[in-house]
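Next comes structure-v2.cif, a file with mmCIF, C-alpha atoms.
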data_structure
loop_
_atom_site.label_atom_id
_atom_site.label_comp_id
_atom_site.auth_asym_id
_atom_site.auth_seq_id
_atom_site.Cartn_x
_atom_site.Cartn_y
_atom_site.Cartn_z
CA MET A 1 -23.56 33.39 -31.58
CA GLU A 2 -25.29 30.31 -30.32
CA GLU A 3 -22.69 28.01 -31.91
CA LYS A 4 -19.86 30.05 -30.54
CA ARG A 5 -21.27 29.74 -27.05
CA ILE A 6 -21.48 25.98 -27.44
CA GLU A 7 -17.83 25.78 -28.44
CA THR A 8 -16.65 27.61 -25.35
CA GLU A 9 -16.65 25.86 -22.02
CA ALA A 10 -20.01 25.55 -20.39
CA PRO A 11 -20.41 28.01 -17.53
CA ARG A 12 -19.49 26.14 -14.40
CA ALA A 13 -21.67 25.87 -11.37
CA ARG A 14 -19.74 26.24 -8.16
CA VAL A 15 -18.37 22.90 -6.95
CA GLU A 16 -19.02 22.38 -3.28
CA ILE A 17 -17.12 19.72 -1.40
CA ALA A 18 -18.26 18.25 1.92
CA GLU A 19 -17.34 15.29 4.06
CA ILE A 20 -19.83 12.41 4.27
CA GLY A 21 -20.29 9.46 6.61
CA ALA A 22 -20.76 5.79 5.83
CA ALA A 23 -24.56 6.17 5.71
CA GLU A 24 -24.25 8.60 2.80
CA PHE A 25 -21.96 6.45 0.66
CA GLY A 26 -24.89 5.89 -1.69
CA LEU A 27 -23.99 9.32 -3.10
CA VAL A 28 -20.62 7.98 -4.22
CA TRP A 29 -21.60 4.48 -5.26
CA PRO A 30 -22.77 5.18 -8.86
CA ILE A 31 -19.46 6.93 -9.56
CA PHE A 32 -17.41 4.28 -7.76
CA ARG A 33 -19.13 1.53 -9.73
CA ALA A 34 -18.66 3.25 -13.07
CA VAL A 35 -14.99 4.02 -12.45
CA VAL A 36 -14.16 0.54 -11.21
CA ALA A 37 -16.10 -1.18 -14.02
CA ALA A 38 -13.94 0.62 -16.57
CA GLY A 39 -10.85 -1.13 -15.16
CA ASP A 40 -8.50 1.51 -16.50
CA THR A 41 -7.47 3.43 -13.38
CA TYR A 42 -8.09 1.60 -10.08
CA ALA A 43 -7.04 -1.89 -9.03
CA TYR A 44 -10.34 -2.43 -7.20
CA ASP A 45 -12.06 -5.60 -8.35
CA PRO A 46 -14.78 -4.60 -10.84
CA GLU A 47 -17.05 -6.86 -8.76
CA THR A 48 -16.44 -4.89 -5.55
CA THR A 49 -19.69 -4.78 -3.57
CA TYR A 50 -21.38 -1.72 -2.10
CA ASP A 51 -20.45 -2.76 1.44
CA GLN A 52 -16.80 -3.33 0.52
CA ALA A 53 -16.55 0.00 -1.28
CA ARG A 54 -18.27 1.85 1.57
CA ASP A 55 -15.88 0.34 4.12
CA LEU A 56 -12.83 1.14 1.99
CA TRP A 57 -13.85 4.76 1.54
CA THR A 58 -15.56 5.66 4.82
CA ARG A 59 -14.32 3.42 7.63
CA PRO A 60 -12.02 5.42 9.91
CA PRO A 61 -9.28 6.41 9.58
CA ALA A 62 -10.50 6.75 5.97
CA ARG A 63 -12.53 9.91 5.32
CA CYS A 64 -14.79 10.45 2.32
CA PHE A 65 -15.62 13.73 0.61
CA VAL A 66 -18.21 14.43 -2.06
CA ALA A 67 -18.22 17.20 -4.66
CA ARG A 68 -21.57 18.57 -5.72
CA GLU A 69 -22.26 20.93 -8.59
CA GLY A 70 -25.71 22.47 -8.52
CA GLY A 71 -26.84 19.71 -6.18
CA GLU A 72 -25.55 16.89 -8.40
CA VAL A 73 -22.72 14.65 -7.20
CA VAL A 74 -19.89 15.01 -9.73
CA GLY A 75 -16.98 13.47 -7.86
CA ALA A 76 -15.61 12.13 -4.62
CA TYR A 77 -12.38 11.39 -2.88
CA CYS A 78 -11.09 9.24 -0.07
CA LEU A 79 -8.34 10.45 2.27
CA LYS A 80 -6.51 8.19 4.70
CA PRO A 81 -3.09 7.44 6.17
CA ASN A 82 -0.97 5.56 3.64
CA GLN A 83 0.55 3.42 6.40
CA PRO A 84 -0.28 2.76 10.06
CA GLY A 85 1.73 3.87 13.08
CA LEU A 86 5.17 5.15 12.21
CA GLY A 87 4.12 5.91 8.63
CA ASP A 88 0.81 7.62 9.35
CA HIS A 89 2.18 11.11 8.74
CA VAL A 90 1.89 10.39 5.01
CA ALA A 91 -1.60 10.63 3.55
CA ASN A 92 -3.04 8.70 0.66
CA ALA A 93 -5.95 9.83 -1.48
CA GLY A 94 -8.06 8.43 -4.30
CA TYR A 95 -10.26 10.55 -6.55
CA MET A 96 -13.20 9.66 -8.76
CA VAL A 97 -15.12 11.89 -11.16
CA ALA A 98 -18.52 11.03 -12.60
CA PRO A 99 -18.21 10.05 -16.27
CA ALA A 100 -20.59 12.85 -17.30
CA ALA A 101 -18.57 15.48 -15.42
CA ARG A 102 -15.11 14.79 -16.86
CA ARG A 103 -12.73 17.29 -18.50
CA ARG A 104 -14.05 20.16 -16.41
CA GLY A 105 -11.30 20.39 -13.84
CA ILE A 106 -13.11 18.54 -11.09
CA ALA A 107 -10.27 16.12 -10.39
CA GLY A 108 -7.95 19.07 -9.84
CA THR A 109 -10.48 20.71 -7.54
CA LEU A 110 -10.76 17.48 -5.56
CA CYS A 111 -6.98 17.16 -5.36
CA ALA A 112 -6.49 20.72 -4.13
CA HIS A 113 -9.20 20.20 -1.51
CA SER A 114 -7.62 16.93 -0.36
CA LEU A 115 -4.21 18.59 0.03
CA ASP A 116 -5.77 21.28 2.23
CA THR A 117 -7.69 18.67 4.23
CA ALA A 118 -4.60 16.52 4.68
CA ARG A 119 -2.54 19.50 5.81
CA ALA A 120 -5.25 20.55 8.26
CA GLY A 121 -5.34 16.97 9.57
CA GLY A 122 -1.66 17.06 10.42
CA PHE A 123 -0.30 15.00 7.53
CA ARG A 124 3.17 15.95 6.34
CA ALA A 125 3.08 14.46 2.86
CA MET A 126 0.81 12.70 0.40
CA GLN A 127 1.59 9.55 -1.54
CA PHE A 128 -0.18 7.80 -4.41
CA ASN A 129 0.75 4.12 -4.68
CA PHE A 130 -0.95 3.15 -7.87
CA VAL A 131 -1.11 5.65 -10.74
CA ALA A 132 -1.33 3.79 -14.05
CA VAL A 133 1.19 5.23 -16.50
CA SER A 134 -1.50 4.92 -19.17
CA ASN A 135 -3.54 7.53 -17.29
CA GLU A 136 -1.40 10.31 -18.73
CA SER A 137 -3.79 13.16 -18.00
CA ALA A 138 -3.87 12.13 -14.33
CA VAL A 139 -0.07 11.89 -14.13
CA ARG A 140 0.22 15.42 -15.57
CA LEU A 141 -2.50 16.71 -13.27
CA TRP A 142 -0.82 15.35 -10.14
CA GLN A 143 2.48 16.81 -11.32
CA ARG A 144 0.81 20.21 -11.69
CA HIS A 145 -0.39 19.75 -8.11
CA GLY A 146 3.16 19.28 -6.89
CA PHE A 147 3.59 15.52 -7.02
CA ALA A 148 6.79 13.90 -8.23
CA VAL A 149 7.17 10.38 -9.57
CA VAL A 150 9.23 8.53 -6.94
CA GLY A 151 8.78 5.01 -8.20
CA ARG A 152 7.60 2.84 -11.07
CA VAL A 153 6.41 -0.74 -10.59
CA PRO A 154 6.47 -2.81 -13.77
CA ALA A 155 3.26 -4.46 -14.95
CA ALA A 156 1.53 -4.06 -11.59
CA PHE A 157 -1.84 -3.23 -13.16
CA ARG A 158 -3.89 -5.52 -15.37
CA HIS A 159 -5.48 -2.73 -17.39
CA ARG A 160 -8.71 -4.04 -18.88
CA ARG A 161 -7.91 -2.83 -22.41
CA LEU A 162 -4.15 -2.41 -22.43
CA GLY A 163 -3.11 -5.45 -20.41
CA PRO A 164 -0.08 -5.37 -18.08
CA THR A 165 0.63 -1.73 -17.32
CA ASP A 166 3.28 -0.06 -15.19
CA VAL A 167 2.20 1.81 -12.10
CA LEU A 168 3.74 4.99 -10.71
CA VAL A 169 4.33 5.91 -7.09
CA MET A 170 3.89 9.67 -6.68
CA HIS A 171 4.64 11.86 -3.70
CA ARG A 172 4.68 15.41 -2.46
CA PHE A 173 5.33 17.07 0.87
CA LEU A 174 2.57 19.25 2.34
CA MET B 1 40.76 -23.44 19.26
CA GLU B 2 37.81 -22.53 21.46
CA GLU B 3 37.93 -18.93 20.26
CA LYS B 4 38.13 -20.02 16.68
CA ARG B 5 35.08 -22.24 17.07
CA ILE B 6 33.16 -19.34 18.54
CA GLU B 7 33.98 -17.24 15.51
CA THR B 8 32.55 -19.79 13.10
CA GLU B 9 28.80 -20.08 12.63
CA ALA B 10 26.89 -22.16 15.13
CA PRO B 11 25.70 -25.47 13.69
CA ARG B 12 22.17 -24.88 12.41
CA ALA B 13 19.16 -26.96 13.27
CA ARG B 14 16.89 -27.56 10.32
CA VAL B 15 14.36 -24.75 9.90
CA GLU B 16 10.87 -26.03 9.16
CA ILE B 17 8.26 -23.69 7.77
CA ALA B 18 4.52 -24.35 7.94
CA GLU B 19 1.35 -22.35 7.38
CA ILE B 20 -0.73 -21.47 10.44
CA GLY B 21 -4.29 -20.26 10.95
CA ALA B 22 -5.61 -17.36 13.01
CA ALA B 23 -5.99 -19.55 16.11
CA GLU B 24 -2.24 -20.22 16.13
CA PHE B 25 -1.14 -16.61 15.85
CA GLY B 26 0.04 -16.80 19.46
CA LEU B 27 3.14 -18.50 18.02
CA VAL B 28 3.97 -15.32 16.11
CA TRP B 29 2.89 -12.72 18.63
CA PRO B 30 6.07 -12.54 20.81
CA ILE B 31 8.14 -11.95 17.68
CA PHE B 32 5.64 -9.50 16.19
CA ARG B 33 5.58 -7.52 19.42
CA ALA B 34 9.36 -7.41 19.74
CA VAL B 35 9.88 -6.36 16.13
CA VAL B 36 7.20 -3.67 16.21
CA ALA B 37 8.33 -2.31 19.59
CA ALA B 38 11.79 -1.68 18.13
CA GLY B 39 10.27 0.76 15.64
CA ASP B 40 13.16 0.39 13.23
CA THR B 41 11.69 -1.70 10.39
CA TYR B 42 7.89 -1.80 10.27
CA ALA B 43 5.41 1.07 10.24
CA TYR B 44 2.99 -0.87 12.47
CA ASP B 45 2.03 1.13 15.53
CA PRO B 46 4.14 -0.13 18.46
CA GLU B 47 0.81 -0.30 20.35
CA THR B 48 -0.75 -2.69 17.82
CA THR B 49 -2.95 -5.15 19.71
CA TYR B 50 -2.91 -8.92 19.43
CA ASP B 51 -6.25 -8.95 17.61
CA GLN B 52 -5.11 -6.31 15.12
CA ALA B 53 -1.85 -8.11 14.42
CA ARG B 54 -3.62 -11.46 14.06
CA ASP B 55 -6.09 -10.00 11.57
CA LEU B 56 -3.35 -8.28 9.57
CA TRP B 57 -1.31 -11.46 9.28
CA THR B 58 -3.90 -14.23 9.09
CA ARG B 59 -7.20 -12.88 7.72
CA PRO B 60 -7.67 -14.11 4.14
CA PRO B 61 -6.41 -13.34 1.62
CA ALA B 62 -3.40 -12.92 3.97
CA ARG B 63 -1.60 -16.18 4.79
CA CYS B 64 0.78 -16.65 7.69
CA PHE B 65 3.76 -19.02 7.87
CA VAL B 66 5.90 -19.90 10.87
CA ALA B 67 9.51 -21.10 10.91
CA ARG B 68 10.50 -23.50 13.66
CA GLU B 69 14.00 -24.60 14.53
CA GLY B 70 14.15 -27.58 16.85
CA GLY B 71 10.56 -26.89 17.87
CA GLU B 72 11.18 -23.24 18.70
CA VAL B 73 9.54 -20.48 16.65
CA VAL B 74 12.35 -18.39 15.16
CA GLY B 75 10.50 -16.40 12.51
CA ALA B 76 7.33 -15.84 10.55
CA TYR B 77 6.07 -14.25 7.41
CA CYS B 78 2.84 -12.95 5.97
CA LEU B 79 1.99 -13.33 2.29
CA LYS B 80 -0.88 -11.52 0.60
CA PRO B 81 -1.88 -9.72 -2.58
CA ASN B 82 -0.36 -6.25 -2.68
CA GLN B 83 -3.49 -4.81 -4.27
CA PRO B 84 -7.05 -6.05 -4.80
CA GLY B 85 -8.65 -6.99 -8.10
CA LEU B 86 -6.65 -5.89 -11.12
CA GLY B 87 -3.46 -5.72 -9.07
CA ASP B 88 -3.78 -9.02 -7.21
CA HIS B 89 -1.23 -10.81 -9.39
CA VAL B 90 1.49 -9.03 -7.39
CA ALA B 91 2.21 -10.48 -3.96
CA ASN B 92 3.40 -8.67 -0.88
CA ALA B 93 5.25 -10.26 2.01
CA GLY B 94 6.53 -9.21 5.42
CA TYR B 95 9.10 -11.16 7.40
CA MET B 96 9.98 -11.17 11.08
CA VAL B 97 12.80 -13.01 12.85
CA ALA B 98 12.96 -13.56 16.60
CA PRO B 99 15.60 -11.28 18.17
CA ALA B 100 17.49 -14.31 19.56
CA ALA B 101 17.61 -16.00 16.14
CA ARG B 102 19.08 -13.16 14.07
CA ARG B 103 22.16 -13.27 11.83
CA ARG B 104 21.64 -16.92 11.05
CA GLY B 105 20.10 -16.66 7.62
CA ILE B 106 16.50 -17.17 8.71
CA ALA B 107 15.18 -14.08 6.92
CA GLY B 108 16.66 -15.40 3.68
CA THR B 109 15.10 -18.80 4.28
CA LEU B 110 11.73 -17.16 4.90
CA CYS B 111 12.09 -15.05 1.76
CA ALA B 112 12.96 -18.02 -0.45
CA HIS B 113 10.00 -19.96 0.97
CA SER B 114 7.64 -17.03 0.38
CA LEU B 115 8.77 -16.72 -3.24
CA ASP B 116 8.02 -20.41 -3.80
CA THR B 117 4.68 -20.10 -2.04
CA ALA B 118 3.74 -17.00 -4.04
CA ARG B 119 4.69 -18.68 -7.30
CA ALA B 120 2.68 -21.78 -6.39
CA GLY B 121 -0.26 -19.52 -5.52
CA GLY B 122 -0.28 -18.02 -9.01
CA PHE B 123 1.33 -14.66 -8.23
CA ARG B 124 3.44 -13.19 -11.04
CA ALA B 125 5.58 -10.82 -9.00
CA MET B 126 6.34 -9.71 -5.48
CA GLN B 127 6.51 -6.15 -4.20
CA PHE B 128 7.70 -4.65 -0.93
CA ASN B 129 6.22 -1.22 -0.26
CA PHE B 130 8.09 -0.16 2.81
CA VAL B 131 11.76 -1.14 3.19
CA ALA B 132 13.55 1.40 5.38
CA VAL B 133 16.81 2.47 3.71
CA SER B 134 18.39 2.31 7.16
CA ASN B 135 17.80 -1.45 7.17
CA GLU B 136 20.81 -1.99 4.93
CA SER B 137 21.21 -5.69 5.60
CA ALA B 138 17.60 -6.29 4.58
CA VAL B 139 17.98 -4.23 1.40
CA ARG B 140 21.04 -6.29 0.42
CA LEU B 141 19.29 -9.53 1.34
CA TRP B 142 16.26 -8.75 -0.83
CA GLN B 143 18.59 -7.77 -3.67
CA ARG B 144 20.34 -11.14 -3.35
CA HIS B 145 16.89 -12.70 -3.62
CA GLY B 146 16.26 -10.96 -6.91
CA PHE B 147 14.52 -7.78 -5.85
CA ALA B 148 15.29 -4.43 -7.46
CA VAL B 149 14.68 -1.02 -5.96
CA VAL B 150 11.89 0.51 -8.09
CA GLY B 151 11.06 3.49 -5.91
CA ARG B 152 12.15 5.62 -2.99
CA VAL B 153 9.72 7.62 -0.86
CA PRO B 154 11.34 10.43 1.11
CA ALA B 155 10.91 10.49 4.88
CA ALA B 156 7.97 8.07 4.84
CA PHE B 157 9.12 6.26 8.01
CA ARG B 158 9.45 7.82 11.46
CA HIS B 159 12.29 5.57 12.58
CA ARG B 160 12.30 5.48 16.37
CA ARG B 161 16.01 6.23 16.67
CA LEU B 162 16.92 7.84 13.36
CA GLY B 163 13.85 9.99 12.79
CA PRO B 164 12.48 10.64 9.28
CA THR B 165 13.82 7.88 7.05
CA ASP B 166 13.36 7.15 3.36
CA VAL B 167 11.52 4.03 2.35
CA LEU B 168 12.26 1.83 -0.67
CA VAL B 169 9.79 0.11 -2.95
CA MET B 170 11.29 -3.21 -4.11
CA HIS B 171 10.04 -5.61 -6.74
CA ARG B 172 10.82 -8.80 -8.58
CA PHE B 173 8.98 -10.97 -11.04
CA LEU B 174 8.37 -14.61 -10.11
#
In structure tokens, how does this file's structure come out?
Amino acid sequence: MEEKRIETEAPRARVEIAEIGAAEFGLVWPIFRAVVAAGDTYAYDPETTYDQARDLWTRPPARCFVAREGGEVVGAYCLKPNQPGLGDHVANAGYMVAPAARRRGIAGTLCAHSLDTARAGGFRAMQFNFVAVSNESAVRLWQRHGFAVVGRVPAAFRHRRLGPTDVLVMHRFL
Amino acid sequence: MEEKRIETEAPRARVEIAEIGAAEFGLVWPIFRAVVAAGDTYAYDPETTYDQARDLWTRPPARCFVAREGGEVVGAYCLKPNQPGLGDHVANAGYMVAPAARRRGIAGTLCAHSLDTARAGGFRAMQFNFVAVSNESAVRLWQRHGFAVVGRVPAAFRHRRLGPTDVLVMHRFL
């Protein structure tokens, strides 16, 4: 029985998502650093400093949200307008999940939360500008959350392992 | 004969293009303000301040170039990486032509100069993220300069006259 329990999914603690301010970005930083160091999803320079990352993810109009599971930070996302002024009805979001918390649906939970938050904030659509085609599980996940591929930019990402990699533009209305 | 001469193109003064620093952004500002106020090409908030515009167009890694014709500023462009870090091999550029200097090929001259500058700066490609489909002459001009449409984002631009307008993503290698 013990083995069988191990093979099934671990019982999930409830994931709680809350907005944070710049002063709390330390909660996100270990995840941000790990994700960026991998160089397989985000364009951010692997040498991005704490201050740069904090500004990117918390300086208004950017808003930062943290997911906790049993008190532990398991993921975070950043929500902001994709363009200024006459394009600021379209949101943009970026999601990061702690390496130890992957494959448990947290990215999907973050995405669903960000769509609700964007809708509540008056956005009319959401756009991702830089989804590496190599990140197949992410592409499928965003599609399940209603996003369509609306563009493909050749070789726009220098993937650390794979080299020049195409990047998708994805979009959905809210 | 007089009518016929009027129908031909006016003789062009030589357009000279030079890089400027933040302190010289006043040269660009009247054009920037006029273009943004029209609300038919750029997403920039029509209320963008001088300081905001100057930072957007001159703060490194952004570089700003001004085109003069007989001493008069007729256009400008901004060149910068389209993404940070692992995406910074792709340039992005934005061009503005003074209302009084339109339909004289200055946008094309700016574009050609920016492609040379980007190439010299080590960029491998150039990407435009936000070309309004309504700006048909610009779309054709960029195509003549080697750009292909690689994406189309529905209703991403609140065009001041036309309302919700699709936006093209355009790209070319250098």
Exercise for the section: Over all C-alpha atoms, paired in order, superpose chain B onto chain A by least squares and report how large the RMSD is in Å. Expected result: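 Pairing the C-alpha atoms in order and fitting gives 0.5 Å.
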Give me, as JSON lines, each residue of chain B that comes within 6 Å of chain A, together with its shortest interatomic pair and the distance in Å at one decimal, counting only C-alpha atoms, with rows ordered by chain and rising residue number.
{"residue": "B:Ala43", "atom": "CA", "partner": "A:Leu86", "partner_atom": "CA", "distance": 4.5}
{"residue": "B:Tyr44", "atom": "CA", "partner": "A:Gly85", "partner_atom": "CA", "distance": 4.9}
{"residue": "B:Asp45", "atom": "CA", "partner": "A:Gly85", "partner_atom": "CA", "distance": 3.7}
{"residue": "B:Pro84", "atom": "CA", "partner": "A:Tyr44", "partner_atom": "CA", "distance": 5.4}
{"residue": "B:Gly85", "atom": "CA", "partner": "A:Asp45", "partner_atom": "CA", "distance": 3.7}
{"residue": "B:Leu86", "atom": "CA", "partner": "A:Ala43", "partner_atom": "CA", "distance": 4.5}
{"residue": "B:Gly87", "atom": "CA", "partner": "A:Phe157", "partner_atom": "CA", "distance": 5.1}
{"residue": "B:Val150", "atom": "CA", "partner": "A:Gly151", "partner_atom": "CA", "distance": 5.5}
{"residue": "B:Gly151", "atom": "CA", "partner": "A:Gly151", "partner_atom": "CA", "distance": 3.6}
{"residue": "B:Arg152", "atom": "CA", "partner": "A:Val150", "partner_atom": "CA", "distance": 5.7}
{"residue": "B:Ala156", "atom": "CA", "partner": "A:Gly87", "partner_atom": "CA", "distance": 5.8}
{"residue": "B:Phe157", "atom": "CA", "partner": "A:Gly87", "partner_atom": "CA", "distance": 5.1}
{"residue": "B:Arg158", "atom": "CA", "partner": "A:Leu86", "partner_atom": "CA", "distance": 5.1}
Limited to C-alpha atoms, could you put the picked residues into a file as an mmCIF file, in the coordinates of the input?
data_model
loop_
_atom_site.group_PDB
_atom_site.id
_atom_site.type_symbol
_atom_site.label_atom_id
_atom_site.label_comp_id
_atom_site.auth_asym_id
_atom_site.auth_seq_id
_atom_site.Cartn_x
_atom_site.Cartn_y
_atom_site.Cartn_z
ATOM 1 C CA ALA B 43 5.410 1.070 10.240
ATOM 2 C CA TYR B 44 2.990 -0.870 12.470
ATOM 3 C CA ASP B 45 2.030 1.130 15.530
ATOM 4 C CA PRO B 84 -7.050 -6.050 -4.800
ATOM 5 C CA GLY B 85 -8.650 -6.990 -8.100
ATOM 6 C CA LEU B 86 -6.650 -5.890 -11.120
ATOM 7 C CA GLY B 87 -3.460 -5.720 -9.070
ATOM 8 C CA VAL B 150 11.890 0.510 -8.090
ATOM 9 C CA GLY B 151 11.060 3.490 -5.910
ATOM 10 C CA ARG B 152 12.150 5.620 -2.990
ATOM 11 C CA ALA B 156 7.970 8.070 4.840
ATOM 12 C CA PHE B 157 9.120 6.260 8.010
ATOM 13 C CA ARG B 158 9.450 7.820 11.460
#
Problem - Closest of A:Val66, A:Glu72, A:Trp29, A:Ala18 to A:Thr49 - atom-to-atom distances counting all atoms listed in the file - result: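 Closest to A:Thr49 of all the choices is A:Trp29.
The two atoms in question, atom CA of B:Arg14 and atom CA of B:Cys64, are spaced 19.6 Å apart.
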Problem - the PyMOL selection byres ((chain B and resi 74) around 9) resolved against shown file, as a PyMOL selection string - result: chain B and resi 15+28+31+66-69+72-73+75-76+96-102+106
Name the residues that the PyMOL selection byres ((chain A and resi 19) around 12) picks from the file above, as an mmCIF file with C-alpha atoms, in the frame of the given file, using the file's chain letters and numbers.
data_model
loop_
_atom_site.group_PDB
_atom_site.id
_atom_site.type_symbol
_atom_site.label_atom_id
_atom_site.label_comp_id
_atom_site.auth_asym_id
_atom_site.auth_seq_id
_atom_site.Cartn_x
_atom_site.Cartn_y
_atom_site.Cartn_z
ATOM 1 C CA GLU A 16 -19.020 22.380 -3.280
ATOM 2 C CA ILE A 17 -17.120 19.720 -1.400
ATOM 3 C CA ALA A 18 -18.260 18.250 1.920
ATOM 4 C CA ILE A 20 -19.830 12.410 4.270
ATOM 5 C CA GLY A 21 -20.290 9.460 6.610
ATOM 6 C CA ALA A 22 -20.760 5.790 5.830
ATOM 7 C CA ALA A 23 -24.560 6.170 5.710
ATOM 8 C CA GLU A 24 -24.250 8.600 2.800
ATOM 9 C CA PHE A 25 -21.960 6.450 0.660
ATOM 10 C CA LEU A 27 -23.990 9.320 -3.100
ATOM 11 C CA VAL A 28 -20.620 7.980 -4.220
ATOM 12 C CA TRP A 57 -13.850 4.760 1.540
ATOM 13 C CA THR A 58 -15.560 5.660 4.820
ATOM 14 C CA ALA A 62 -10.500 6.750 5.970
ATOM 15 C CA ARG A 63 -12.530 9.910 5.320
ATOM 16 C CA CYS A 64 -14.790 10.450 2.320
ATOM 17 C CA PHE A 65 -15.620 13.730 0.610
ATOM 18 C CA VAL A 66 -18.210 14.430 -2.060
ATOM 19 C CA ALA A 67 -18.220 17.200 -4.660
ATOM 20 C CA ARG A 68 -21.570 18.570 -5.720
ATOM 21 C CA ALA A 76 -15.610 12.130 -4.620
ATOM 22 C CA TYR A 77 -12.380 11.390 -2.880
ATOM 23 C CA CYS A 78 -11.090 9.240 -0.070
ATOM 24 C CA LEU A 79 -8.340 10.450 2.270
ATOM 25 C CA LEU A 110 -10.760 17.480 -5.560
ATOM 26 C CA HIS A 113 -9.200 20.200 -1.510
ATOM 27 C CA SER A 114 -7.620 16.930 -0.360
ATOM 28 C CA THR A 117 -7.690 18.670 4.230
#
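Here atom CA of B:Val133 is placed at a distance of 15.7 Å from atom CA of B:Gly94.
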Exercise for the section: Enter the distance from atom CA of A:Leu56 to atom CA of A:Ala112, in Å, rounded to one decimal. Expected result: 21.5 Å
Practice task
Using all atoms listed in the file, find the one residue out of A:Asp55, A:Tyr95, A:Pro61, A:Ala148 that sits nearest to A:Val35.
Solution key: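 Smallest separation from A:Val35 among the options: A:Tyr95.
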